[in-house]
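S.K.: My structure file model-v6.cif, mmCIF, N, CA and C atoms and all ligand atoms, is below:
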data_upload
#
loop_
_atom_site.label_atom_id
_atom_site.label_comp_id
_atom_site.auth_asym_id
_atom_site.auth_seq_id
_atom_site.Cartn_x
_atom_site.Cartn_y
_atom_site.Cartn_z
N MET A 993 -85.26 -101.60 -105.16
CA MET A 993 -85.50 -100.22 -104.70
C MET A 993 -86.70 -99.60 -105.42
N GLU A 994 -86.69 -99.79 -106.72
CA GLU A 994 -87.79 -99.25 -107.53
C GLU A 994 -89.12 -99.93 -107.16
N VAL A 995 -89.05 -101.20 -106.99
CA VAL A 995 -90.26 -102.00 -106.70
C VAL A 995 -90.87 -101.59 -105.36
N SER A 996 -89.99 -101.42 -104.36
CA SER A 996 -90.48 -101.05 -103.03
C SER A 996 -91.12 -99.66 -103.03
N LYS A 997 -90.72 -98.83 -103.99
CA LYS A 997 -91.31 -97.49 -104.09
C LYS A 997 -92.71 -97.55 -104.73
N ILE A 998 -92.82 -98.41 -105.73
CA ILE A 998 -94.09 -98.54 -106.46
C ILE A 998 -95.13 -99.30 -105.61
N GLN A 999 -94.65 -100.29 -104.91
CA GLN A 999 -95.55 -101.18 -104.16
C GLN A 999 -96.52 -100.47 -103.20
N PRO A 1000 -96.01 -99.55 -102.33
CA PRO A 1000 -96.96 -98.91 -101.40
C PRO A 1000 -98.01 -98.07 -102.12
N HIS A 1001 -97.57 -97.45 -103.22
CA HIS A 1001 -98.49 -96.62 -104.01
C HIS A 1001 -99.62 -97.46 -104.61
N ALA A 1002 -99.23 -98.65 -105.09
CA ALA A 1002 -100.20 -99.54 -105.73
C ALA A 1002 -101.25 -100.01 -104.72
N THR A 1003 -100.79 -100.36 -103.54
CA THR A 1003 -101.72 -100.85 -102.52
C THR A 1003 -102.65 -99.73 -102.04
N GLU A 1004 -102.11 -98.51 -102.03
CA GLU A 1004 -102.93 -97.36 -101.62
C GLU A 1004 -104.07 -97.15 -102.61
N GLY A 1005 -103.67 -97.23 -103.90
CA GLY A 1005 -104.66 -97.09 -104.95
C GLY A 1005 -105.72 -98.18 -104.87
N GLU A 1006 -105.31 -99.35 -104.55
CA GLU A 1006 -106.21 -100.50 -104.42
C GLU A 1006 -107.20 -100.29 -103.27
N THR A 1007 -106.68 -99.73 -102.17
CA THR A 1007 -107.53 -99.47 -101.01
C THR A 1007 -108.63 -98.46 -101.35
N ILE A 1008 -108.26 -97.42 -102.09
CA ILE A 1008 -109.25 -96.42 -102.51
C ILE A 1008 -110.30 -97.07 -103.40
N MET A 1009 -109.84 -97.92 -104.31
CA MET A 1009 -110.74 -98.64 -105.21
C MET A 1009 -111.74 -99.47 -104.41
N LYS A 1010 -111.23 -100.16 -103.40
CA LYS A 1010 -112.08 -101.02 -102.57
C LYS A 1010 -113.09 -100.18 -101.80
N ARG A 1011 -112.65 -99.04 -101.29
CA ARG A 1011 -113.54 -98.14 -100.54
C ARG A 1011 -114.68 -97.65 -101.44
N LYS A 1012 -114.32 -97.25 -102.65
CA LYS A 1012 -115.32 -96.77 -103.61
C LYS A 1012 -116.33 -97.87 -103.92
N ARG A 1013 -115.79 -99.06 -104.13
CA ARG A 1013 -116.64 -100.19 -104.48
C ARG A 1013 -117.59 -100.54 -103.34
N SER A 1014 -117.06 -100.53 -102.12
CA SER A 1014 -117.91 -100.88 -100.97
C SER A 1014 -119.00 -99.85 -100.76
N ARG A 1015 -118.72 -98.58 -101.12
CA ARG A 1015 -119.73 -97.54 -100.99
C ARG A 1015 -120.85 -97.77 -102.01
N ILE A 1016 -120.46 -98.16 -103.22
CA ILE A 1016 -121.45 -98.44 -104.27
C ILE A 1016 -122.32 -99.63 -103.85
N VAL A 1017 -121.68 -100.65 -103.31
CA VAL A 1017 -122.39 -101.84 -102.85
C VAL A 1017 -123.38 -101.45 -101.75
N LEU A 1018 -122.95 -100.57 -100.87
CA LEU A 1018 -123.79 -100.11 -99.76
C LEU A 1018 -125.03 -99.37 -100.28
N ILE A 1019 -124.82 -98.49 -101.25
CA ILE A 1019 -125.93 -97.73 -101.85
C ILE A 1019 -126.88 -98.68 -102.57
N ALA A 1020 -126.31 -99.61 -103.33
CA ALA A 1020 -127.11 -100.59 -104.07
C ALA A 1020 -127.96 -101.43 -103.11
N ALA A 1021 -127.35 -101.83 -102.02
CA ALA A 1021 -128.05 -102.63 -101.01
C ALA A 1021 -129.19 -101.84 -100.38
N PHE A 1022 -128.92 -100.56 -100.11
CA PHE A 1022 -129.94 -99.69 -99.51
C PHE A 1022 -131.14 -99.52 -100.44
N VAL A 1023 -130.85 -99.28 -101.71
CA VAL A 1023 -131.91 -99.10 -102.73
C VAL A 1023 -132.73 -100.38 -102.83
N LEU A 1024 -132.04 -101.51 -102.84
CA LEU A 1024 -132.70 -102.82 -102.94
C LEU A 1024 -133.62 -103.05 -101.75
N ILE A 1025 -133.12 -102.75 -100.56
CA ILE A 1025 -133.91 -102.93 -99.33
C ILE A 1025 -135.15 -102.03 -99.37
N ALA A 1026 -134.95 -100.78 -99.80
CA ALA A 1026 -136.06 -99.82 -99.90
C ALA A 1026 -137.11 -100.31 -100.88
N LEU A 1027 -136.66 -100.87 -101.99
CA LEU A 1027 -137.58 -101.39 -103.00
C LEU A 1027 -138.36 -102.58 -102.47
N VAL A 1028 -137.67 -103.53 -101.86
CA VAL A 1028 -138.28 -104.73 -101.32
C VAL A 1028 -139.28 -104.35 -100.23
N ALA A 1029 -138.89 -103.41 -99.37
CA ALA A 1029 -139.76 -102.97 -98.28
C ALA A 1029 -141.03 -102.32 -98.81
N SER A 1030 -140.89 -101.50 -99.84
CA SER A 1030 -142.07 -100.84 -100.40
C SER A 1030 -142.98 -101.83 -101.11
N PHE A 1031 -142.42 -102.85 -101.70
CA PHE A 1031 -143.23 -103.87 -102.36
C PHE A 1031 -143.94 -104.74 -101.32
N ALA A 1032 -143.22 -105.08 -100.28
CA ALA A 1032 -143.77 -105.95 -99.24
C ALA A 1032 -144.94 -105.30 -98.52
N THR A 1033 -144.83 -104.02 -98.23
CA THR A 1033 -145.89 -103.33 -97.51
C THR A 1033 -146.96 -102.78 -98.47
N GLY A 1034 -146.65 -102.73 -99.75
CA GLY A 1034 -147.59 -102.21 -100.73
C GLY A 1034 -147.71 -100.71 -100.69
N VAL A 1035 -146.79 -100.07 -100.01
CA VAL A 1035 -146.81 -98.61 -99.89
C VAL A 1035 -145.88 -98.00 -100.94
N VAL A 1036 -146.33 -98.02 -102.16
CA VAL A 1036 -145.59 -97.37 -103.24
C VAL A 1036 -146.30 -96.04 -103.50
N ALA A 1037 -145.54 -94.98 -103.61
CA ALA A 1037 -146.11 -93.64 -103.76
C ALA A 1037 -147.14 -93.55 -104.88
N ASP A 1038 -148.20 -92.84 -104.61
CA ASP A 1038 -149.37 -92.66 -105.48
C ASP A 1038 -149.76 -93.91 -106.28
N GLN A 1039 -149.89 -95.00 -105.61
CA GLN A 1039 -150.35 -96.23 -106.24
C GLN A 1039 -151.85 -96.38 -105.97
N ILE A 1040 -152.64 -96.55 -107.01
CA ILE A 1040 -154.07 -96.71 -106.85
C ILE A 1040 -154.41 -98.20 -106.77
N ILE A 1041 -155.00 -98.58 -105.68
CA ILE A 1041 -155.35 -99.99 -105.49
C ILE A 1041 -156.85 -100.21 -105.69
N TYR A 1042 -157.67 -99.31 -105.15
CA TYR A 1042 -159.12 -99.49 -105.20
C TYR A 1042 -159.81 -98.39 -106.00
N HIS A 1043 -160.90 -98.78 -106.65
CA HIS A 1043 -161.76 -97.82 -107.35
C HIS A 1043 -163.09 -97.75 -106.62
N GLY A 1044 -163.59 -96.53 -106.44
CA GLY A 1044 -164.87 -96.35 -105.77
C GLY A 1044 -165.94 -95.85 -106.72
N ASN A 1045 -167.14 -96.43 -106.60
CA ASN A 1045 -168.27 -95.99 -107.40
C ASN A 1045 -168.89 -94.77 -106.72
N THR A 1046 -168.81 -93.63 -107.37
CA THR A 1046 -169.27 -92.38 -106.76
C THR A 1046 -170.79 -92.33 -106.58
N LYS A 1047 -171.52 -93.16 -107.32
CA LYS A 1047 -172.99 -93.19 -107.22
C LYS A 1047 -173.45 -94.13 -106.10
N SER A 1048 -172.93 -95.33 -106.11
CA SER A 1048 -173.36 -96.33 -105.12
C SER A 1048 -172.52 -96.30 -103.85
N LYS A 1049 -171.40 -95.59 -103.87
CA LYS A 1049 -170.47 -95.49 -102.74
C LYS A 1049 -169.90 -96.86 -102.35
N ILE A 1050 -169.60 -97.65 -103.37
CA ILE A 1050 -169.02 -98.98 -103.16
C ILE A 1050 -167.65 -98.99 -103.82
N PHE A 1051 -166.66 -99.57 -103.15
CA PHE A 1051 -165.33 -99.64 -103.75
C PHE A 1051 -164.94 -101.07 -104.10
N HIS A 1052 -164.11 -101.18 -105.15
CA HIS A 1052 -163.75 -102.48 -105.72
C HIS A 1052 -162.26 -102.73 -105.80
N LYS A 1053 -161.92 -104.03 -105.80
CA LYS A 1053 -160.54 -104.47 -106.00
C LYS A 1053 -160.24 -104.47 -107.50
N PRO A 1054 -158.93 -104.41 -107.88
CA PRO A 1054 -158.60 -104.39 -109.31
C PRO A 1054 -159.11 -105.60 -110.10
N ASP A 1055 -159.28 -106.75 -109.45
CA ASP A 1055 -159.72 -107.93 -110.19
C ASP A 1055 -161.24 -108.04 -110.29
N CYS A 1056 -161.94 -107.05 -109.74
CA CYS A 1056 -163.41 -107.08 -109.79
C CYS A 1056 -163.90 -106.64 -111.17
N ARG A 1057 -165.01 -107.22 -111.61
CA ARG A 1057 -165.54 -106.86 -112.93
C ARG A 1057 -166.14 -105.45 -112.93
N TYR A 1058 -166.40 -104.90 -111.76
CA TYR A 1058 -166.93 -103.54 -111.67
C TYR A 1058 -165.84 -102.50 -111.40
N TYR A 1059 -164.60 -102.96 -111.36
CA TYR A 1059 -163.48 -102.07 -111.04
C TYR A 1059 -163.40 -100.86 -111.96
N ASN A 1060 -163.63 -101.08 -113.24
CA ASN A 1060 -163.55 -99.98 -114.21
C ASN A 1060 -164.93 -99.57 -114.73
N CYS A 1061 -165.92 -99.58 -113.86
CA CYS A 1061 -167.27 -99.17 -114.25
C CYS A 1061 -167.31 -97.66 -114.48
N LYS A 1062 -168.37 -97.21 -115.15
CA LYS A 1062 -168.50 -95.79 -115.52
C LYS A 1062 -168.42 -94.84 -114.32
N ALA A 1063 -169.10 -95.20 -113.25
CA ALA A 1063 -169.14 -94.33 -112.07
C ALA A 1063 -167.98 -94.56 -111.10
N CYS A 1064 -167.13 -95.54 -111.42
CA CYS A 1064 -165.99 -95.84 -110.54
C CYS A 1064 -164.83 -94.89 -110.79
N THR A 1065 -165.04 -93.64 -110.50
CA THR A 1065 -164.02 -92.63 -110.75
C THR A 1065 -163.20 -92.27 -109.51
N ALA A 1066 -163.71 -92.67 -108.34
CA ALA A 1066 -162.96 -92.40 -107.12
C ALA A 1066 -161.81 -93.39 -107.02
N GLN A 1067 -160.64 -92.90 -106.58
CA GLN A 1067 -159.46 -93.77 -106.47
C GLN A 1067 -158.90 -93.72 -105.07
N PHE A 1068 -158.59 -94.90 -104.56
CA PHE A 1068 -158.04 -94.99 -103.21
C PHE A 1068 -156.78 -95.84 -103.21
N SER A 1069 -155.83 -95.44 -102.40
CA SER A 1069 -154.58 -96.21 -102.32
C SER A 1069 -154.64 -97.27 -101.22
N SER A 1070 -155.68 -97.19 -100.39
CA SER A 1070 -155.82 -98.21 -99.35
C SER A 1070 -157.30 -98.44 -99.03
N ARG A 1071 -157.59 -99.57 -98.41
CA ARG A 1071 -158.95 -99.95 -98.03
C ARG A 1071 -159.49 -98.95 -97.01
N GLN A 1072 -158.63 -98.58 -96.06
CA GLN A 1072 -159.01 -97.65 -94.99
C GLN A 1072 -159.37 -96.28 -95.56
N GLU A 1073 -158.63 -95.88 -96.56
CA GLU A 1073 -158.88 -94.58 -97.20
C GLU A 1073 -160.27 -94.55 -97.81
N ALA A 1074 -160.68 -95.63 -98.44
CA ALA A 1074 -162.00 -95.73 -99.06
C ALA A 1074 -163.10 -95.70 -97.99
N ILE A 1075 -162.89 -96.42 -96.92
CA ILE A 1075 -163.86 -96.48 -95.82
C ILE A 1075 -164.00 -95.11 -95.17
N ASP A 1076 -162.87 -94.46 -94.96
CA ASP A 1076 -162.86 -93.11 -94.37
C ASP A 1076 -163.60 -92.10 -95.25
N ALA A 1077 -163.59 -92.36 -96.55
CA ALA A 1077 -164.26 -91.46 -97.49
C ALA A 1077 -165.76 -91.78 -97.59
N GLY A 1078 -166.22 -92.75 -96.80
CA GLY A 1078 -167.65 -93.08 -96.77
C GLY A 1078 -168.07 -94.19 -97.72
N TYR A 1079 -167.08 -94.92 -98.23
CA TYR A 1079 -167.38 -96.03 -99.14
C TYR A 1079 -167.45 -97.35 -98.38
N ARG A 1080 -168.21 -98.31 -98.93
CA ARG A 1080 -168.25 -99.63 -98.32
C ARG A 1080 -167.75 -100.69 -99.32
N PRO A 1081 -167.16 -101.76 -98.80
CA PRO A 1081 -166.59 -102.77 -99.70
C PRO A 1081 -167.65 -103.48 -100.54
N CYS A 1082 -167.29 -103.82 -101.76
CA CYS A 1082 -168.17 -104.53 -102.67
C CYS A 1082 -168.41 -105.95 -102.15
N LYS A 1083 -169.64 -106.45 -102.37
CA LYS A 1083 -169.97 -107.80 -101.87
C LYS A 1083 -169.48 -108.90 -102.82
N ILE A 1084 -169.14 -108.51 -104.01
CA ILE A 1084 -168.69 -109.50 -105.01
C ILE A 1084 -167.18 -109.75 -104.89
N CYS A 1085 -166.41 -108.68 -104.94
CA CYS A 1085 -164.94 -108.85 -104.88
C CYS A 1085 -164.42 -108.83 -103.45
N ASN A 1086 -165.24 -108.34 -102.53
CA ASN A 1086 -164.90 -108.31 -101.09
C ASN A 1086 -163.51 -107.72 -100.82
N PRO A 1087 -163.34 -106.45 -101.13
CA PRO A 1087 -162.01 -105.86 -100.93
C PRO A 1087 -161.63 -105.64 -99.45
ZN ZN B 1101 -166.34 -105.34 -106.66
#
Show this structure as structure tokens.
M.R.:
Amino acid sequence: MEVSKIQPHATEGETIMKRKRSRIVLIAAFVLIALVASFATGVVADQIIYHGNTKSKIFHKPDCRYYNCKACTAQFSSRQEAIDAGYRPCKICNP
């Protein structure tokens, strides 16, 4: 008699636990997908990819030796953004 009274309560508690856990898993999965998607597309908020030379109007990739030049103060998050700003790709690093 006692056992049958405790049993339904225990399973109910277990069900709530499972629901909570599945919600956490769902949130974790969503965050993971969002992270992977942002990495795959390269669209991470305010990420600077290219540097533009304000004097020569040429923009460079991060691996270019002119990337951190004195006049390379312009920053672009995409190739298109640099082109739209009137910059042309560097002939050495070919961004
Ligand atoms: Zn370059």
S.K.: Hey, which of A:Ile1040, A:Thr1046, A:Tyr1058, A:Ser1014 ends up closest to ligand ZN 1101 (chain B)? Count only N, CA and C atoms and all ligand atoms.
M.R.: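 Distance minimum relative to ligand ZN 1101 (chain B) lands on A:Tyr1058.
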S.K.: Tell me, in Å to one decimal, how far atom C of His1052 in chain A is from atom N of Ala1029 in chain A.
M.R.: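 Rounded to one decimal, the two atoms are 24.2 Å apart.
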S.K.: Which is closer to ligand ZN 1101 (chain B) than all the others in A:Leu1024, A:Ala1074, A:Cys1082, A:Val1017, using only N, CA and C atoms and all ligand atoms?
M.R.: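 Nearest to ligand ZN 1101 (chain B): A:Cys1082.
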S.K.: List all protein, DNA and RNA residues that have any atom at most 8 Å from ligand ZN 1101 (chain B), counting all atoms listed in the file, and write the list as a PyMOL selection string.
M.R.: chain A and resi 1050-1059+1081-1087
S.K.: So the first atom is CA of Gly1078 in chain A and the second is atom N of Ala1063 in chain A; what is the distance between them in Å, to one decimal place?
M.R.: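 Between CA of Gly1078 in chain A and atom N of Ala1063 in chain A the gap is 16.7 Å.
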S.K.: From range 1020-1069 of chain A, collect each residue whose DSSP state is helix (DSSP H, G or I) and return the set as a list of chain:residue names.
M.R.: A:Ala1020, A:Ala1021, A:Phe1022, A:Val1023, A:Leu1024, A:Ile1025, A:Ala1026, A:Leu1027, A:Val1028, A:Ala1029, A:Ser1030, A:Phe1031, A:Ala1032, A:Thr1033
S.K.: Those residues with N, CA and C atoms, as a compact mmCIF listing (two decimals), keeping the file's coordinate frame please?
M.R.:
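Dumped to part33.txt:
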# COMPACT_ATOMS: atom_id res chain seq x y z
N ALA A 1020 -126.31 -99.61 -103.33
CA ALA A 1020 -127.11 -100.59 -104.07
C ALA A 1020 -127.96 -101.43 -103.11
N ALA A 1021 -127.35 -101.83 -102.02
CA ALA A 1021 -128.05 -102.63 -101.01
C ALA A 1021 -129.19 -101.84 -100.38
N PHE A 1022 -128.92 -100.56 -100.11
CA PHE A 1022 -129.94 -99.69 -99.51
C PHE A 1022 -131.14 -99.52 -100.44
N VAL A 1023 -130.85 -99.28 -101.71
CA VAL A 1023 -131.91 -99.10 -102.73
C VAL A 1023 -132.73 -100.38 -102.83
N LEU A 1024 -132.04 -101.51 -102.84
CA LEU A 1024 -132.70 -102.82 -102.94
C LEU A 1024 -133.62 -103.05 -101.75
N ILE A 1025 -133.12 -102.75 -100.56
CA ILE A 1025 -133.91 -102.93 -99.33
C ILE A 1025 -135.15 -102.03 -99.37
N ALA A 1026 -134.95 -100.78 -99.80
CA ALA A 1026 -136.06 -99.82 -99.90
C ALA A 1026 -137.11 -100.31 -100.88
N LEU A 1027 -136.66 -100.87 -101.99
CA LEU A 1027 -137.58 -101.39 -103.00
C LEU A 1027 -138.36 -102.58 -102.47
N VAL A 1028 -137.67 -103.53 -101.86
CA VAL A 1028 -138.28 -104.73 -101.32
C VAL A 1028 -139.28 -104.35 -100.23
N ALA A 1029 -138.89 -103.41 -99.37
CA ALA A 1029 -139.76 -102.97 -98.28
C ALA A 1029 -141.03 -102.32 -98.81
N SER A 1030 -140.89 -101.50 -99.84
CA SER A 1030 -142.07 -100.84 -100.40
C SER A 1030 -142.98 -101.83 -101.11
N PHE A 1031 -142.42 -102.85 -101.70
CA PHE A 1031 -143.23 -103.87 -102.36
C PHE A 1031 -143.94 -104.74 -101.32
N ALA A 1032 -143.22 -105.08 -100.28
CA ALA A 1032 -143.77 -105.95 -99.24
C ALA A 1032 -144.94 -105.30 -98.52
N THR A 1033 -144.83 -104.02 -98.23
CA THR A 1033 -145.89 -103.33 -97.51
C THR A 1033 -146.96 -102.78 -98.47
S.K.: Taking into account all atoms listed in the file, which residue in the set A:Glu1073, A:Ile1019, A:Glu1006, A:His1043 is nearest to Asn1060 in chain A?
M.R.: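 Closest to Asn1060 in chain A of all the choices is A:His1043.
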S.K.: Any idea what the distance is between CA of Gln1072 in chain A and CA of Gln1039 in chain A?
M.R.: 14.3 Å
S.K.: When you count only N, CA and C atoms, which of these residues is closest to Gly1044 in chain A: A:Leu1018, A:Arg1011, A:Val1023, A:Tyr1079?
M.R.: A:Tyr1079
S.K.: Please determine, counting only N, CA and C atoms, which residue among A:Arg1080, A:Lys1062, A:Arg1071, A:Arg1015 has the shortest atom-to-atom distance to Lys1049 in chain A.
M.R.: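 Using only N, CA and C atoms, the shortest distance to Lys1049 in chain A belongs to A:Arg1080.
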